[in-house]
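Scroll down for the structure; my scribbles are underneath it.
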Amino acid sequence: MPFMFEKPLGMRDSLPLLYERKKNLRLAVSGEFEAWGYQFIETPALEYYETIGEASSIQNQQMFKLLDQQGDTVVLRPDMTAPIARVAASKLLKQQVPVRLAYSANVYRAQQKEGGRAAEFEQIGIETIGDGTISADSEIISLLISSLKKAGFTKFQISIGHIGFIQQLMLDILGREDRVSQLSNYLIERNYVGYRDHINSLALANIDKQRLIDILDLKGTENILEKAGALLEHNRGAEKLNELAQLMQQLKEYGAEQYVSLDLTLMNTISYYSGIVFEVYAEGVNFPVGNGGRYNSLLKKFGRDTPATGFALRVDRLIEAMGTLKDQAEIECVIFTPERKQDALKLVNERRAGGSRIAMQDLNGIGDLDSFTKNYSEVHYFIGAPGKDETP
């Protein structure tokens, strides 16, 4: 039986100082989204398993499932991209193409007891639906960079890859999708030792084994694209490398080159990603604080064959990257005795009108005055007879 103060596995409280930091981060990022022409959207926390649950590509054991009163299986949304794809396919794409949408919402993914990870966390992100150009990809990556800078981040890096390139190269060498999937899992897990060992166990010509191993060196600047092209057979997959070359050139036009690099080993557990993908890392956090990419096939599951791209930021990981919380909020307090309440109200109303955050507290309601005042950045006293303020 759970203890009285115990929470379900992976669930977390946000106390006032943490909540305020989240709010400020959310305001900075969402303001930048809106400045770039993105409109916010909300979707329900509960979705049907047979639609959103299956379309999301989140592993089945990570979903919170329930039965509704009609006996249908519903899930707490495991991501935001699939629900937004549902809305866009059913309603928005009839009005205009492309559409630029933004969101800020909690998602839910069940965790194993030994995992120690959040089962509920907030994502804030954008989706560009109906635009298959490289310009759309460069826009969202540039918006990602601009949003992080608006939120106060200066030390972060975005790694960019192309799932289509890796899949084409592996398929040419391995011949079967199941063999490609098995080898790809090592890249998803960043298990490069296991990747090499698996390749060496395959019945392949040495030259083909070397081509697969050389994938691990495809990290860095645009210069690696020529090396990547040399690994292709009959130039199949060259168009994917050309997309990356165009993307990098357009990011230079945005002035974003210092924040981006190429990593052609980049893979993703979410299967609807099909083209350019990326992850963003911030100083002080070992996990990606955000990720995104192109998912041109997802909307087909909702009856619309429409290209799309987008990204999501993990608010909890961004908060971790910001470092230690302050000891107290920037909130003032007026402490008063009943006979001085009108004087206190006058000051409070003046300060609030000027934009200050200020609380009022009757002295008779305070137990330990020293402990109480430590919660505030500044304290004003209206105690004693009018005109004779006394500071305890």
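Chain lettering (A, B, ...) mirrors the order of the structure tokens, residue numbering begins at 1 for each chain separately, and ligand numbering begins at 1 in order of display.
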At a cut-off of 10 Å, using only C-alpha atoms, what residues contact stretch 206-212 of chain A? Leave out same-chain residues fewer than 5 positions from it and give the result as an MDAnalysis selection string. chainID A and resid 166 169:170 172:174 183 195:196 198:201 228 230:232
Save out the residues we just selected, all heavy atoms, as a short mmCIF file (atom, residue, chain, number, x, y, z; two decimals), in the first residue's frame.
data_model
loop_
_atom_site.label_atom_id
_atom_site.label_comp_id
_atom_site.auth_asym_id
_atom_site.auth_seq_id
_atom_site.Cartn_x
_atom_site.Cartn_y
_atom_site.Cartn_z
N ILE A 166 20.72 6.82 -43.72
CA ILE A 166 21.23 5.64 -43.01
C ILE A 166 20.45 4.40 -43.43
O ILE A 166 21.03 3.33 -43.67
CB ILE A 166 21.13 5.85 -41.48
CG1 ILE A 166 22.10 6.95 -41.04
CG2 ILE A 166 21.44 4.56 -40.74
CD1 ILE A 166 23.55 6.59 -41.18
N LEU A 169 21.47 3.26 -46.99
CA LEU A 169 22.80 2.66 -47.02
C LEU A 169 22.79 1.28 -46.39
O LEU A 169 23.33 0.31 -46.96
CB LEU A 169 23.78 3.57 -46.27
CG LEU A 169 25.22 3.07 -46.13
CD1 LEU A 169 25.84 2.77 -47.49
CD2 LEU A 169 26.07 4.09 -45.37
N MET A 170 22.14 1.13 -45.23
CA MET A 170 22.09 -0.17 -44.57
C MET A 170 21.31 -1.19 -45.39
O MET A 170 21.70 -2.37 -45.48
CB MET A 170 21.47 -0.03 -43.19
CG MET A 170 22.35 0.64 -42.16
SD MET A 170 21.56 0.63 -40.52
CE MET A 170 22.89 1.29 -39.51
N ASP A 172 20.93 -1.31 -48.66
CA ASP A 172 21.73 -1.72 -49.80
C ASP A 172 22.74 -2.80 -49.42
O ASP A 172 23.03 -3.71 -50.20
CB ASP A 172 22.48 -0.53 -50.40
CG ASP A 172 21.56 0.38 -51.21
OD1 ASP A 172 20.44 -0.06 -51.55
OD2 ASP A 172 21.96 1.53 -51.50
N ILE A 173 23.28 -2.70 -48.21
CA ILE A 173 24.30 -3.64 -47.77
C ILE A 173 23.69 -4.90 -47.17
O ILE A 173 24.13 -6.03 -47.47
CB ILE A 173 25.25 -2.98 -46.76
CG1 ILE A 173 25.99 -1.81 -47.42
CG2 ILE A 173 26.23 -3.99 -46.18
CD1 ILE A 173 26.81 -0.97 -46.46
N LEU A 174 22.65 -4.73 -46.33
CA LEU A 174 22.10 -5.86 -45.58
C LEU A 174 20.96 -6.56 -46.30
O LEU A 174 20.70 -7.74 -46.03
CB LEU A 174 21.61 -5.37 -44.20
CG LEU A 174 22.68 -4.76 -43.31
CD1 LEU A 174 22.05 -4.20 -42.03
CD2 LEU A 174 23.75 -5.80 -42.95
N LEU A 183 20.32 -3.75 -36.67
CA LEU A 183 21.56 -2.99 -36.59
C LEU A 183 21.30 -1.55 -36.14
O LEU A 183 22.08 -0.98 -35.37
CB LEU A 183 22.27 -3.00 -37.94
CG LEU A 183 23.65 -2.32 -38.00
CD1 LEU A 183 24.62 -2.94 -37.00
CD2 LEU A 183 24.23 -2.38 -39.41
N TYR A 195 27.53 -2.22 -31.82
CA TYR A 195 27.35 -2.02 -33.26
C TYR A 195 28.51 -2.66 -34.05
O TYR A 195 28.28 -3.42 -35.00
CB TYR A 195 27.28 -0.51 -33.53
CG TYR A 195 27.14 -0.11 -34.98
CD1 TYR A 195 25.90 -0.06 -35.59
CD2 TYR A 195 28.26 0.26 -35.73
CE1 TYR A 195 25.77 0.35 -36.92
CE2 TYR A 195 28.14 0.67 -37.05
CZ TYR A 195 26.90 0.70 -37.65
OH TYR A 195 26.77 1.09 -38.96
N ARG A 196 29.73 -2.39 -33.62
CA ARG A 196 30.88 -2.97 -34.31
C ARG A 196 30.90 -4.50 -34.19
O ARG A 196 31.17 -5.21 -35.18
CB ARG A 196 32.18 -2.41 -33.72
CG ARG A 196 32.43 -0.94 -34.05
CD ARG A 196 33.66 -0.44 -33.30
NE ARG A 196 33.93 0.96 -33.58
CZ ARG A 196 34.68 1.40 -34.59
NH1 ARG A 196 35.25 0.53 -35.41
NH2 ARG A 196 34.90 2.70 -34.75
N HIS A 198 28.40 -6.50 -33.75
CA HIS A 198 27.33 -7.10 -34.57
C HIS A 198 27.74 -7.14 -36.04
O HIS A 198 27.50 -8.16 -36.73
CB HIS A 198 26.04 -6.31 -34.39
CG HIS A 198 24.88 -6.89 -35.13
ND1 HIS A 198 24.20 -8.01 -34.71
CD2 HIS A 198 24.27 -6.50 -36.30
CE1 HIS A 198 23.23 -8.30 -35.56
NE2 HIS A 198 23.25 -7.40 -36.53
N ILE A 199 28.34 -6.06 -36.52
CA ILE A 199 28.78 -6.04 -37.91
C ILE A 199 29.80 -7.13 -38.17
O ILE A 199 29.74 -7.84 -39.18
CB ILE A 199 29.35 -4.65 -38.26
CG1 ILE A 199 28.23 -3.61 -38.30
CG2 ILE A 199 30.08 -4.68 -39.61
CD1 ILE A 199 28.71 -2.19 -38.42
N ASN A 200 30.73 -7.29 -37.26
CA ASN A 200 31.78 -8.31 -37.44
C ASN A 200 31.22 -9.72 -37.42
O ASN A 200 31.86 -10.65 -37.94
CB ASN A 200 32.85 -8.15 -36.36
CG ASN A 200 33.71 -6.91 -36.57
OD1 ASN A 200 33.94 -6.50 -37.72
ND2 ASN A 200 34.15 -6.28 -35.50
N SER A 201 30.04 -9.90 -36.82
CA SER A 201 29.43 -11.24 -36.77
C SER A 201 28.63 -11.56 -38.03
O SER A 201 28.21 -12.71 -38.22
CB SER A 201 28.51 -11.35 -35.55
OG SER A 201 27.33 -10.57 -35.73
N ALA A 228 30.43 10.67 -46.76
CA ALA A 228 29.22 9.86 -46.71
C ALA A 228 28.81 9.41 -48.10
O ALA A 228 28.38 8.25 -48.30
CB ALA A 228 28.09 10.66 -46.06
N ALA A 230 30.66 8.73 -50.56
CA ALA A 230 31.56 7.67 -51.04
C ALA A 230 31.13 6.29 -50.54
O ALA A 230 31.56 5.27 -51.10
CB ALA A 230 32.99 7.97 -50.60
N LEU A 231 30.30 6.24 -49.50
CA LEU A 231 29.85 4.95 -48.97
C LEU A 231 28.65 4.39 -49.73
O LEU A 231 28.31 3.22 -49.57
CB LEU A 231 29.46 5.10 -47.49
CG LEU A 231 30.55 5.57 -46.53
CD1 LEU A 231 29.99 5.68 -45.12
CD2 LEU A 231 31.74 4.62 -46.55
N LEU A 232 27.99 5.23 -50.54
CA LEU A 232 26.78 4.81 -51.23
C LEU A 232 27.08 3.90 -52.41
O LEU A 232 28.17 3.97 -53.00
CB LEU A 232 26.00 6.04 -51.72
CG LEU A 232 25.48 6.98 -50.64
CD1 LEU A 232 24.90 8.23 -51.28
CD2 LEU A 232 24.45 6.29 -49.77
#
Write out as a CSV table (one decimal) with N, CA and C atoms, in the first residue's frame all residues of stretch 274-333 of chain A that backbone DSSP assigns to alpha helix (DSSP H).
chain,number,residue,atom,x,y,z
A,315,VAL,N,10.7,20.5,-21.0
A,315,VAL,CA,10.8,21.6,-20.0
A,315,VAL,C,11.6,21.2,-18.8
A,316,ASP,N,11.4,19.9,-18.3
A,316,ASP,CA,12.1,19.5,-17.1
A,316,ASP,C,13.6,19.5,-17.3
A,317,ARG,N,14.0,19.1,-18.5
A,317,ARG,CA,15.5,19.0,-18.8
A,317,ARG,C,16.0,20.4,-19.0
A,318,LEU,N,15.3,21.3,-19.6
A,318,LEU,CA,15.7,22.7,-19.7
A,318,LEU,C,15.9,23.3,-18.4
A,319,ILE,N,15.0,23.0,-17.5
A,319,ILE,CA,15.1,23.6,-16.1
A,319,ILE,C,16.3,23.0,-15.4
A,320,GLU,N,16.6,21.8,-15.6
A,320,GLU,CA,17.8,21.2,-15.1
A,320,GLU,C,19.1,21.9,-15.6
A,321,ALA,N,19.1,22.2,-16.9
A,321,ALA,CA,20.2,22.9,-17.5
A,321,ALA,C,20.4,24.3,-17.0
A,322,MET,N,19.3,24.9,-16.4
A,322,MET,CA,19.4,26.2,-15.9
A,322,MET,C,20.2,26.3,-14.6
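Proximity to stretch 245-252 of chain A at 7 Å, evaluated using only C-alpha atoms and with sequence-adjacent residues fewer than 6 positions away removed, yields Ile134, Ser138, Ser142 and Glu222 of chain A.
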Could you turn the residues from that selection into a file that holds C-alpha atoms, as an mmCIF file, in the first residue's frame?
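Below is the file that was written, result.cif:
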data_model
loop_
_atom_site.group_PDB
_atom_site.id
_atom_site.type_symbol
_atom_site.label_atom_id
_atom_site.label_comp_id
_atom_site.auth_asym_id
_atom_site.auth_seq_id
_atom_site.Cartn_x
_atom_site.Cartn_y
_atom_site.Cartn_z
ATOM 1 C CA ILE A 134 14.035 22.295 -46.917
ATOM 2 C CA SER A 138 15.687 25.285 -41.718
ATOM 3 C CA SER A 142 16.357 28.333 -36.556
ATOM 4 C CA GLU A 222 29.555 19.730 -44.010
#
Just the residues within 12 Å of stretch 331-344 of chain A, please, counting only C-alpha atoms, with nothing from its chain fewer than 6 positions along; format it as a VMD selection string. chain A and resid 16 to 17 20 350 to 352 355 to 366 369 372 to 392
Give me, as an MDAnalysis selection string, all polymer residues having an atom no more than 6 Å from A:Thr128, counting only C-alpha atoms and skipping those fewer than 4 positions away in the same chain. chainID A and resid 99:100 308:310
Store the residues picked out above in a file with N, CA and C atoms, as a PDB file, in the first residue's frame.
ATOM      1  N   VAL A  99       0.136  24.878 -42.335  1.00  0.00           N
ATOM      2  CA  VAL A  99      -0.263  25.460 -41.054  1.00  0.00           C
ATOM      3  C   VAL A  99       0.913  25.393 -40.091  1.00  0.00           C
ATOM      4  N   ARG A 100       0.997  26.402 -39.245  1.00  0.00           N
ATOM      5  CA  ARG A 100       2.056  26.468 -38.235  1.00  0.00           C
ATOM      6  C   ARG A 100       1.401  26.447 -36.859  1.00  0.00           C
ATOM      7  N   ALA A 308       5.242  16.972 -43.120  1.00  0.00           N
ATOM      8  CA  ALA A 308       5.248  17.748 -41.876  1.00  0.00           C
ATOM      9  C   ALA A 308       6.612  17.651 -41.210  1.00  0.00           C
ATOM     10  N   THR A 309       6.897  18.633 -40.376  1.00  0.00           N
ATOM     11  CA  THR A 309       8.130  18.640 -39.597  1.00  0.00           C
ATOM     12  C   THR A 309       7.885  19.435 -38.323  1.00  0.00           C
ATOM     13  N   GLY A 310       8.699  19.204 -37.302  1.00  0.00           N
ATOM     14  CA  GLY A 310       8.500  19.919 -36.046  1.00  0.00           C
ATOM     15  C   GLY A 310       9.528  19.525 -35.008  1.00  0.00           C
TER      16      GLY A 310
END
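Compared by their closest atoms to A:Tyr272, and using only C-alpha atoms, the residues A:Arg294, A:Arg179, A:Lys91, A:Lys65 rank with A:Arg294 nearest.
Reported to one decimal place, the separation of atom CA of A:Gln59 from atom CA of A:Gly303 is 22.9 Å.
All residues of protein, DNA or RNA that reach within 12 Å of A:Gly71, judged by only C-alpha atoms and not counting those fewer than 4 positions away in the chain, are Tyr48, Tyr49, Lys65, Leu66 and Leu67 of chain A.
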